[in-house]
Amino acid sequence: MAQATPEVNPSYLQWKNPEMLAFLSAQKGGVAPGTSILDASNVMEYFSTSPFYDRHSNNEHVRMQSTALIAQIMAQSVQSHAELMQSIARRYQEELRRFTGFEFALVHARTPCFVIYKHWRRSPERVDPPLSVYYIINDCIYQAPDLYTILSTRLQSSMMGLKKTLELQREHRSTFTPRRGYYGRFLVAEDAEQDEKATSPSDAS
């Protein structure tokens, strides 16, 4: 019987698609070295090839329904490639507003950083708070950790440090003997054994 593959926390993933970047670069006719290929007109297309993208989203429905229309626009348009891609991106956004359900929306686009929300759309003017947040930096896609993950990680780190501090304090806490009273144990193990022998009643007699 095959064992189930354990799920990977998506916030630990870093994803990049060199083939798609090469395709987008060819569409643009090439870009200058050191310049990002992605912009507001093609970043969602790039994101749709990542494992973070959901094929059941409204974005996918719009893409499937608009394929023929986009092909017709591209065949009849006399705009430059950059203007054409911007027109198509705007058309996608207009179509998305007609649907209800969850969708991916580009909320920040400033090369080389992009931020994408996954949220639920209730109406053309109303959307719920984001379910997930993704960001793209230097062509790499990441999922931002949620508040629970951040707080739990910080608390675990704090508890680990506190535990080590208490263990160290327990090892070196003050000790009481009738002869010496309270004294600190800041000795290594070998020196501590010698000190105990030196202060034993048999040696004192």
# chains A, B, ... in the order shown; residues from 1 in each chain; ligands from 1

$ select_by_dssp --residues "region 4-182 of chain A" --states "alpha helix (DSSP H)" --output "JSON, numbers by chain"
{"A": [18, 19, 20, 21, 22, 23, 24, 25, 26, 27, 28, 43, 44, 45, 46, 47, 58, 59, 60, 61, 62, 63, 64, 65, 66, 67, 68, 69, 70, 71, 72, 73, 74, 75, 76, 81, 82, 83, 84, 85, 86, 87, 88, 89, 90, 91, 92, 93, 94, 95, 96, 147, 148, 149, 150, 151, 152, 153, 154, 155, 156, 157, 158, 159, 160, 161, 162, 163, 164, 165, 166, 167, 168, 169, 170, 171]}

$ select_by_dssp --residues "region 58-173 of chain A" --states "strand (DSSP E or B)" --output "MDAnalysis selection string"
chainID A and resid 101:110 113:123 126:127 132:137 140:143

$ write_last_selection --atoms "N, CA and C atoms" --output "CSV table (one decimal), in the first residue's frame"
chain,number,residue,atom,x,y,z
A,101,GLY,N,-17.2,34.5,-5.8
A,101,GLY,CA,-16.4,33.3,-5.4
A,101,GLY,C,-15.0,33.8,-5.1
A,102,PHE,N,-14.1,32.8,-5.0
A,102,PHE,CA,-12.7,33.2,-4.6
A,102,PHE,C,-11.9,33.5,-5.9
A,103,GLU,N,-11.0,34.5,-5.8
A,103,GLU,CA,-10.2,34.9,-6.9
A,103,GLU,C,-8.8,35.4,-6.4
A,104,PHE,N,-7.9,35.5,-7.3
A,104,PHE,CA,-6.6,36.1,-7.1
A,104,PHE,C,-6.6,37.5,-7.6
A,105,ALA,N,-6.1,38.5,-6.8
A,105,ALA,CA,-6.1,39.9,-7.3
A,105,ALA,C,-4.8,40.5,-7.1
A,106,LEU,N,-4.3,41.2,-8.0
A,106,LEU,CA,-3.0,41.9,-7.9
A,106,LEU,C,-3.3,43.2,-7.2
A,107,VAL,N,-2.7,43.4,-6.0
A,107,VAL,CA,-3.0,44.6,-5.2
A,107,VAL,C,-1.8,45.5,-5.2
A,108,HIS,N,-0.7,45.1,-5.6
A,108,HIS,CA,0.5,45.9,-5.6
A,108,HIS,C,1.4,45.5,-6.7
A,109,ALA,N,1.8,46.4,-7.6
A,109,ALA,CA,2.6,46.1,-8.7
A,109,ALA,C,3.7,47.2,-8.9
A,110,ARG,N,4.9,46.9,-8.4
A,110,ARG,CA,6.0,47.9,-8.5
A,110,ARG,C,7.2,47.0,-8.7
A,113,CYS,N,8.7,44.0,-7.2
A,113,CYS,CA,7.9,43.5,-6.1
A,113,CYS,C,6.4,43.5,-6.5
A,114,PHE,N,5.7,42.4,-6.3
A,114,PHE,CA,4.3,42.3,-6.6
A,114,PHE,C,3.6,41.6,-5.4
A,115,VAL,N,2.4,42.0,-5.1
A,115,VAL,CA,1.6,41.4,-4.0
A,115,VAL,C,0.3,41.0,-4.6
A,116,ILE,N,-0.1,39.7,-4.3
A,116,ILE,CA,-1.3,39.1,-4.8
A,116,ILE,C,-2.2,38.6,-3.6
A,117,TYR,N,-3.4,39.0,-3.6
A,117,TYR,CA,-4.4,38.5,-2.6
A,117,TYR,C,-5.2,37.4,-3.2
A,118,LYS,N,-5.5,36.4,-2.3
A,118,LYS,CA,-6.5,35.4,-2.6
A,118,LYS,C,-7.7,35.7,-1.6
A,119,HIS,N,-8.8,36.2,-2.2
A,119,HIS,CA,-9.9,36.5,-1.4
A,119,HIS,C,-11.3,36.1,-2.0
A,120,TRP,N,-12.3,36.3,-1.3
A,120,TRP,CA,-13.7,35.9,-1.7
A,120,TRP,C,-14.4,37.1,-2.1
A,121,ARG,N,-14.9,37.1,-3.4
A,121,ARG,CA,-15.7,38.3,-3.9
A,121,ARG,C,-17.2,38.0,-3.7
A,122,ARG,N,-17.8,39.0,-3.0
A,122,ARG,CA,-19.3,38.9,-2.8
A,122,ARG,C,-20.1,39.6,-3.8
A,123,SER,N,-19.5,40.7,-4.4
A,123,SER,CA,-20.2,41.5,-5.4
A,123,SER,C,-19.2,42.3,-6.1
A,126,ARG,N,-17.7,44.4,-3.4
A,126,ARG,CA,-17.4,43.9,-2.1
A,126,ARG,C,-16.6,42.7,-2.1
A,127,VAL,N,-15.5,42.7,-1.4
A,127,VAL,CA,-14.7,41.5,-1.2
A,127,VAL,C,-14.3,41.3,0.3
A,132,SER,N,-5.3,34.4,1.8
A,132,SER,CA,-3.8,34.2,1.7
A,132,SER,C,-3.2,35.4,0.9
A,133,VAL,N,-2.0,35.6,1.2
A,133,VAL,CA,-1.2,36.7,0.6
A,133,VAL,C,0.1,36.1,-0.1
A,134,TYR,N,0.3,36.4,-1.3
A,134,TYR,CA,1.5,36.0,-2.0
A,134,TYR,C,2.3,37.2,-2.5
A,135,TYR,N,3.6,37.0,-2.5
A,135,TYR,CA,4.4,38.1,-3.0
A,135,TYR,C,5.5,37.6,-4.0
A,136,ILE,N,5.8,38.4,-4.9
A,136,ILE,CA,6.8,38.0,-5.9
A,136,ILE,C,7.9,39.0,-5.9
A,137,ILE,N,9.1,38.5,-5.6
A,137,ILE,CA,10.3,39.4,-5.5
A,137,ILE,C,11.4,38.8,-6.4
A,140,CYS,N,10.7,35.4,-8.0
A,140,CYS,CA,10.4,34.2,-7.2
A,140,CYS,C,9.1,34.5,-6.4
A,141,ILE,N,8.3,33.4,-6.3
A,141,ILE,CA,7.0,33.6,-5.7
A,141,ILE,C,7.0,32.9,-4.3
A,142,TYR,N,6.4,33.6,-3.3
A,142,TYR,CA,6.4,33.1,-2.0
A,142,TYR,C,4.9,33.3,-1.4
A,143,GLN,N,4.6,32.5,-0.5
A,143,GLN,CA,3.3,32.7,0.3
A,143,GLN,C,3.7,33.3,1.6

$ atom_distance --atom1 "CA of Arg63 (chain A)" --atom2 "CA of Ser50 (chain A)"
15.6 Å

$ atom_distance --atom1 "CA of Ala89 (chain A)" --atom2 "CA of Ala40 (chain A)"
8.0 Å

$ closest_residue --among "A:Glu94, A:Glu167, A:Asp139, A:Glu125" --to "Val62 (chain A)" --atoms "only C-alpha atoms"
A:Glu94

$ closest_residue --among "A:Leu24, A:Asp39, A:Gln65, A:Pro124" --to "Arg98 (chain A)" --atoms "only C-alpha atoms"
A:Pro124
